[in-house]
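So the structure is just underneath, and the comments pick up after that.
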Amino acid sequence: MTDYDDYYDSHDSHDGAQAHEADREHGMTRRQLMRHAGWFGGAVVLTVAGGEVISHIADPRGSTAEAATGTDDAGSGTLRFVQVSDSHIGFQGPANTDVAGSFTEAVNQVNSLGFRPDFVMHSGDLTHLSMAGQFDQVKHMMSGLKTDRVFTVPGEHDSIGDAGRAYRRTFGTGTLGDGWYSFDTHGVHFIALVNTLSLEKLGHLGNSQIDFVRKDLAGLSSDTPVVVFSHIPLFAMYPQWGWSTDDALKVIALLRRFSSVTCLNGHVHQLFTKTEGNITFHSATTTAYPLPRPGRAPAPTPQVVPARQLKDALGIRSVGYRQGDRELAIKDQRLA
């Protein structure tokens, strides 16, 4: 087993007292949190080959895998998009002394996938300190992506000191409220949520955004595939570190009637997949620096790894979907 494979080990039991430290947190009981998406509670199967990690539920015809890897004929019914996350432009520290260089490599990797993505989504923490110059820099860098459209959601590092106003000035055109929105393409409905503005410990959506989701989904058929983007996970990945969203269950309840729902997030700087019923949650890695595995450090602080191993912890994600398939195919690729 390689060092990189260690990212996908099931979490072993630790500090059981932590899991029961409080009966209620931010209006959601700990039992609800854990029932909503048990902490590393499900088996995850990943295929690793040639520096690429392919995570998907195999279709009997193999079409979902082909959709993600680009091995099929890209007809009009095939959707392919890319997720990048947590570029932290402006970060200065030993965990990565050149985050702009790493993000440039990620952009180049997207442009070398062998297909033109229908769009690229950056799932937050575009910048490290929410400075206007950092937003301008990352926007300029993403202008080099060979794709038709670029979408974003904000991370907490994109909202420092101004409740996300600088982020919205640069990336908020056409969005609603504090930056949320939805769109449709290739028969899939996409929702981009903001859960990083009202932070205490956990992510938070708020009633206005939940009402938006309710109205947004109301007219959709239950067989419409739905993909939800957010920065902080919508499942209870590790509430002790704030890796969850306190009112996510209200949105999850609205998504239960759909036959296929995929939630894609950033924030945690590492890969993790959790399936609960009709909803699959995928946490993405970063292009900046790794964070520790949950519970393996006092806090989620940037981790310094040997230089030769840094790119193993960084990467991009391509997603494929062909109309008529039930599942989306997720392919995570190391920056190395």
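Ordering of the structure tokens sets the chain letters (A, B, ...), residue numbers begin anew at 1 in every chain, and ligands are numbered from 1 in the order given.
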(request) Skip stretch 216-233 of chain A itself and residues of its chain fewer than 4 positions away, then list as an MDAnalysis selection string all residues within 8 Å of it, counting only C-alpha atoms. (result) chainID A and resid 123:125 153:155 182 187:196 203 212 237 243:245 254 257:268 283 326
(request) Please run DSSP on the backbone and report, as a count of residues only, all residues within stretch 146-286 of chain A that come out as strand (DSSP E). (result) 33
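Of the residues under consideration (A:Ile252, A:Gly320, A:Val304, A:Trp180), A:Gly320 shows the shortest atom-to-atom contact distance to A:Gly77 when counting only C-alpha atoms.
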(request) Rank A:Thr104, A:Gln83, A:Ser198, A:Thr273 by their smallest atom-to-atom distance to A:Asp162, using only C-alpha atoms, and report the top residue only. (result)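 Ranked by minimum distance to A:Asp162, first place goes to A:Ser198.
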(request) Excluding A:Ala336 and residues on its chain fewer than 5 positions from it, collect all residues at most 12 Å away from it, counting only C-alpha atoms, and give them as a list in words. (result) Tyr4, Gly50, Gly51, Glu52, Ser102, Glu105, Ala106, Asn108, Gln109, Thr287, Ala307, Arg308, Gln309, Leu310, Lys311, Asp312, Ala313, Leu314, Gly315 and Ile316 of chain A
(message) Between A:Thr97, A:Asn111, A:Gln270, A:Thr147, which residue has the minimum interatomic distance to A:Pro300, considering only C-alpha atoms?
(response) A:Gln270
(message) Env of A:Ser143: 12 Å cut, atoms = only C-alpha atoms, seq-sep filter 5 positions within chain, self excluded. Answer as a list in words.
(response)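 Listing them by chain and then by number gives Thr104, Val107, Asn108, Asn111, Val120, Asp136, Gln137, Val138, Asp148, Arg149, Val150 and Phe151 of chain A.
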Deliver the residues from the most recent selection as a file, using C-alpha atoms, as a PDB file, in the first residue's frame.
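Written out: again.pdb:
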```pdb
ATOM      1  CA  THR A 104      -1.109  26.491 -12.886  1.00  0.00           C
ATOM      2  CA  VAL A 107      -5.059  24.196 -15.090  1.00  0.00           C
ATOM      3  CA  ASN A 108      -2.592  22.603 -17.494  1.00  0.00           C
ATOM      4  CA  ASN A 111      -6.338  21.260 -20.526  1.00  0.00           C
ATOM      5  CA  VAL A 120     -15.128  23.623 -14.756  1.00  0.00           C
ATOM      6  CA  ASP A 136      -8.083  38.898  -9.725  1.00  0.00           C
ATOM      7  CA  GLN A 137      -5.136  36.501  -9.882  1.00  0.00           C
ATOM      8  CA  VAL A 138      -7.189  33.318  -9.649  1.00  0.00           C
ATOM      9  CA  ASP A 148     -16.931  26.877 -22.285  1.00  0.00           C
ATOM     10  CA  ARG A 149     -17.850  27.959 -18.764  1.00  0.00           C
ATOM     11  CA  VAL A 150     -16.268  28.317 -15.320  1.00  0.00           C
ATOM     12  CA  PHE A 151     -18.390  28.227 -12.167  1.00  0.00           C
TER      13      PHE A 151
END
```
(request) Would you please work out which residue, of A:Leu255, A:Thr78, A:Gly114, A:Thr175, is nearest to A:Arg214 when using only C-alpha atoms? (result)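 When distances to A:Arg214 are compared using only C-alpha atoms, the smallest one comes from A:Leu255.
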(request) For A:Phe171, work out the shell of residues within 8 Å, counting only C-alpha atoms and skipping chain neighbours fewer than 3 positions away, then give it as a VMD selection string. (result) chain A and resid 152 167 to 168
(request) In Å, rounded to a single decimal, give me how far atom CA of A:Pro302 is from atom CA of A:Ile89. (result) 14.1 Å
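Our summary of the geometry notes that atom CA of A:Glu156 is positioned 15.2 Å from atom CA of A:Asp246.
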(message) Considering only C-alpha atoms, can you say which of A:Ser318, A:Thr185, A:Ser208, A:Gln240 comes closest to A:Ala284?
(response)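 Result for the nearest residue to A:Ala284: A:Ser318.
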(request) Find the residues near A:Val251: any atom within 10 Å, counting only C-alpha atoms, skip ones fewer than 4 places away on the same chain, and give them as number ranges by chain. (result) A: 205, 209-211, 213-214, 234, 247, 255-256
(message) Just want the 7 Å neighbourhood of A:Val82, counted on only C-alpha atoms, with same-chain residues fewer than 2 positions away dropped. Output as a list of chain:residue names.
(response)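 These residues fall inside the cut-off: A:Val84, A:Pro117, A:Phe119, A:Val120, A:Met121, A:Arg317, A:Ser318, A:Val319.
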Give me a file of those residues, with all heavy atoms, as a compact mmCIF listing (two decimals), in the first residue's frame.
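Contents of again-v7.txt, as written:
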```txt
# COMPACT_ATOMS: atom_id res chain seq x y z
N VAL A 84 -12.21 21.48 -9.60
CA VAL A 84 -10.97 21.81 -8.91
C VAL A 84 -11.36 22.48 -7.60
O VAL A 84 -12.47 23.01 -7.47
CB VAL A 84 -10.05 22.72 -9.75
CG1 VAL A 84 -9.60 22.02 -11.01
CG2 VAL A 84 -10.75 24.04 -10.09
N PRO A 117 -13.85 19.95 -21.36
CA PRO A 117 -14.95 19.86 -20.40
C PRO A 117 -16.08 20.84 -20.76
O PRO A 117 -15.82 21.94 -21.26
CB PRO A 117 -14.30 20.27 -19.07
CG PRO A 117 -12.83 20.11 -19.28
CD PRO A 117 -12.59 20.37 -20.74
N PHE A 119 -17.83 22.28 -18.58
CA PHE A 119 -17.55 23.39 -17.67
C PHE A 119 -16.56 22.92 -16.62
O PHE A 119 -16.29 21.73 -16.47
CB PHE A 119 -18.84 23.93 -17.01
CG PHE A 119 -19.54 22.97 -16.09
CD1 PHE A 119 -19.18 22.88 -14.75
CD2 PHE A 119 -20.59 22.19 -16.55
CE1 PHE A 119 -19.84 22.01 -13.89
CE2 PHE A 119 -21.27 21.31 -15.70
CZ PHE A 119 -20.89 21.22 -14.36
N VAL A 120 -16.00 23.89 -15.90
CA VAL A 120 -15.13 23.62 -14.76
C VAL A 120 -15.74 24.31 -13.54
O VAL A 120 -16.14 25.48 -13.61
CB VAL A 120 -13.70 24.13 -15.00
CG1 VAL A 120 -12.85 23.97 -13.73
CG2 VAL A 120 -13.05 23.39 -16.16
N MET A 121 -15.84 23.58 -12.44
CA MET A 121 -16.33 24.13 -11.17
C MET A 121 -15.18 24.22 -10.18
O MET A 121 -14.49 23.22 -9.93
CB MET A 121 -17.43 23.24 -10.60
CG MET A 121 -17.77 23.50 -9.13
SD MET A 121 -18.37 25.16 -8.74
CE MET A 121 -20.06 25.11 -9.37
N ARG A 317 -10.46 16.63 -10.46
CA ARG A 317 -11.51 15.61 -10.59
C ARG A 317 -12.27 15.83 -11.89
O ARG A 317 -12.69 16.95 -12.19
CB ARG A 317 -12.47 15.71 -9.41
CG ARG A 317 -13.81 14.99 -9.60
CD ARG A 317 -14.65 15.08 -8.36
NE ARG A 317 -14.08 14.24 -7.30
CZ ARG A 317 -14.39 14.35 -6.02
NH1 ARG A 317 -15.24 15.28 -5.61
NH2 ARG A 317 -13.86 13.53 -5.13
N SER A 318 -12.44 14.78 -12.66
CA SER A 318 -13.31 14.84 -13.83
C SER A 318 -14.55 13.99 -13.57
O SER A 318 -14.49 12.97 -12.89
CB SER A 318 -12.59 14.37 -15.09
OG SER A 318 -12.07 13.07 -14.94
N VAL A 319 -15.67 14.47 -14.09
CA VAL A 319 -16.96 13.81 -13.85
C VAL A 319 -17.64 13.60 -15.20
O VAL A 319 -17.66 14.51 -16.04
CB VAL A 319 -17.85 14.66 -12.93
CG1 VAL A 319 -19.18 13.94 -12.66
CG2 VAL A 319 -17.14 14.97 -11.63
```
(message) I'd like the interatomic distance between atom CA of A:Gly277 and atom CA of A:His204, to a tenth of an Å.
(response)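 One can read the atom CA of A:Gly277 to atom CA of A:His204 distance as 23.0 Å.
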(request) as a ChimeraX atom specification, please: all residues of stretch 190-268 of chain A that backbone DSSP puts in helix (DSSP H, G or I). (result) /A:207-218,239-241,248-255
Dump as an mmCIF file, in the first residue's frame, selection limited to N, CA and C atoms:
```
data_model
loop_
_atom_site.group_PDB
_atom_site.id
_atom_site.type_symbol
_atom_site.label_atom_id
_atom_site.label_comp_id
_atom_site.auth_asym_id
_atom_site.auth_seq_id
_atom_site.Cartn_x
_atom_site.Cartn_y
_atom_site.Cartn_z
ATOM 1 N N ASN A 207 -32.118 29.954 6.119
ATOM 2 C CA ASN A 207 -33.471 29.729 5.628
ATOM 3 C C ASN A 207 -33.692 30.262 4.222
ATOM 4 N N SER A 208 -33.094 31.408 3.898
ATOM 5 C CA SER A 208 -33.307 31.977 2.566
ATOM 6 C C SER A 208 -32.786 31.043 1.484
ATOM 7 N N GLN A 209 -31.624 30.457 1.712
ATOM 8 C CA GLN A 209 -31.048 29.556 0.723
ATOM 9 C C GLN A 209 -31.818 28.239 0.651
ATOM 10 N N ILE A 210 -32.259 27.749 1.785
ATOM 11 C CA ILE A 210 -33.051 26.517 1.794
ATOM 12 C C ILE A 210 -34.369 26.740 1.055
ATOM 13 N N ASP A 211 -34.984 27.927 1.223
ATOM 14 C CA ASP A 211 -36.201 28.246 0.472
ATOM 15 C C ASP A 211 -35.916 28.290 -1.030
ATOM 16 N N PHE A 212 -34.755 28.817 -1.391
ATOM 17 C CA PHE A 212 -34.356 28.820 -2.804
ATOM 18 C C PHE A 212 -34.292 27.394 -3.341
ATOM 19 N N VAL A 213 -33.668 26.489 -2.594
ATOM 20 C CA VAL A 213 -33.560 25.099 -3.041
ATOM 21 C C VAL A 213 -34.949 24.479 -3.182
ATOM 22 N N ARG A 214 -35.814 24.740 -2.224
ATOM 23 C CA ARG A 214 -37.167 24.171 -2.262
ATOM 24 C C ARG A 214 -37.891 24.606 -3.536
ATOM 25 N N LYS A 215 -37.848 25.890 -3.832
ATOM 26 C CA LYS A 215 -38.525 26.398 -5.029
ATOM 27 C C LYS A 215 -37.827 25.932 -6.299
ATOM 28 N N ASP A 216 -36.520 25.841 -6.259
ATOM 29 C CA ASP A 216 -35.741 25.445 -7.419
ATOM 30 C C ASP A 216 -36.044 24.013 -7.828
ATOM 31 N N LEU A 217 -36.244 23.138 -6.854
ATOM 32 C CA LEU A 217 -36.482 21.720 -7.138
ATOM 33 C C LEU A 217 -37.942 21.408 -7.422
ATOM 34 N N ALA A 218 -38.839 22.316 -7.074
ATOM 35 C CA ALA A 218 -40.270 21.999 -7.071
ATOM 36 C C ALA A 218 -40.776 21.513 -8.427
ATOM 37 N N PRO A 239 -17.628 16.469 12.323
ATOM 38 C CA PRO A 239 -18.139 17.691 12.936
ATOM 39 C C PRO A 239 -17.186 18.324 13.941
ATOM 40 N N GLN A 240 -16.336 17.511 14.586
ATOM 41 C CA GLN A 240 -15.400 18.073 15.562
ATOM 42 C C GLN A 240 -14.498 19.136 14.951
ATOM 43 N N TRP A 241 -14.241 19.034 13.656
ATOM 44 C CA TRP A 241 -13.426 20.023 12.958
ATOM 45 C C TRP A 241 -14.269 20.965 12.097
ATOM 46 N N ALA A 248 -27.940 21.041 6.958
ATOM 47 C CA ALA A 248 -27.949 20.315 5.687
ATOM 48 C C ALA A 248 -29.114 19.341 5.570
ATOM 49 N N LEU A 249 -29.586 18.801 6.699
ATOM 50 C CA LEU A 249 -30.668 17.825 6.635
ATOM 51 C C LEU A 249 -31.916 18.390 5.972
ATOM 52 N N LYS A 250 -32.109 19.711 6.072
ATOM 53 C CA LYS A 250 -33.290 20.325 5.445
ATOM 54 C C LYS A 250 -33.183 20.263 3.926
ATOM 55 N N VAL A 251 -31.979 20.391 3.408
ATOM 56 C CA VAL A 251 -31.779 20.260 1.969
ATOM 57 C C VAL A 251 -31.793 18.793 1.556
ATOM 58 N N ILE A 252 -31.163 17.943 2.367
ATOM 59 C CA ILE A 252 -31.152 16.508 2.062
ATOM 60 C C ILE A 252 -32.582 15.983 1.962
ATOM 61 N N ALA A 253 -33.464 16.443 2.833
ATOM 62 C CA ALA A 253 -34.856 15.999 2.790
ATOM 63 C C ALA A 253 -35.513 16.367 1.465
ATOM 64 N N LEU A 254 -35.163 17.525 0.922
ATOM 65 C CA LEU A 254 -35.728 17.952 -0.351
ATOM 66 C C LEU A 254 -35.195 17.133 -1.521
ATOM 67 N N LEU A 255 -34.035 16.518 -1.338
ATOM 68 C CA LEU A 255 -33.391 15.755 -2.406
ATOM 69 C C LEU A 255 -33.770 14.278 -2.396
#
```
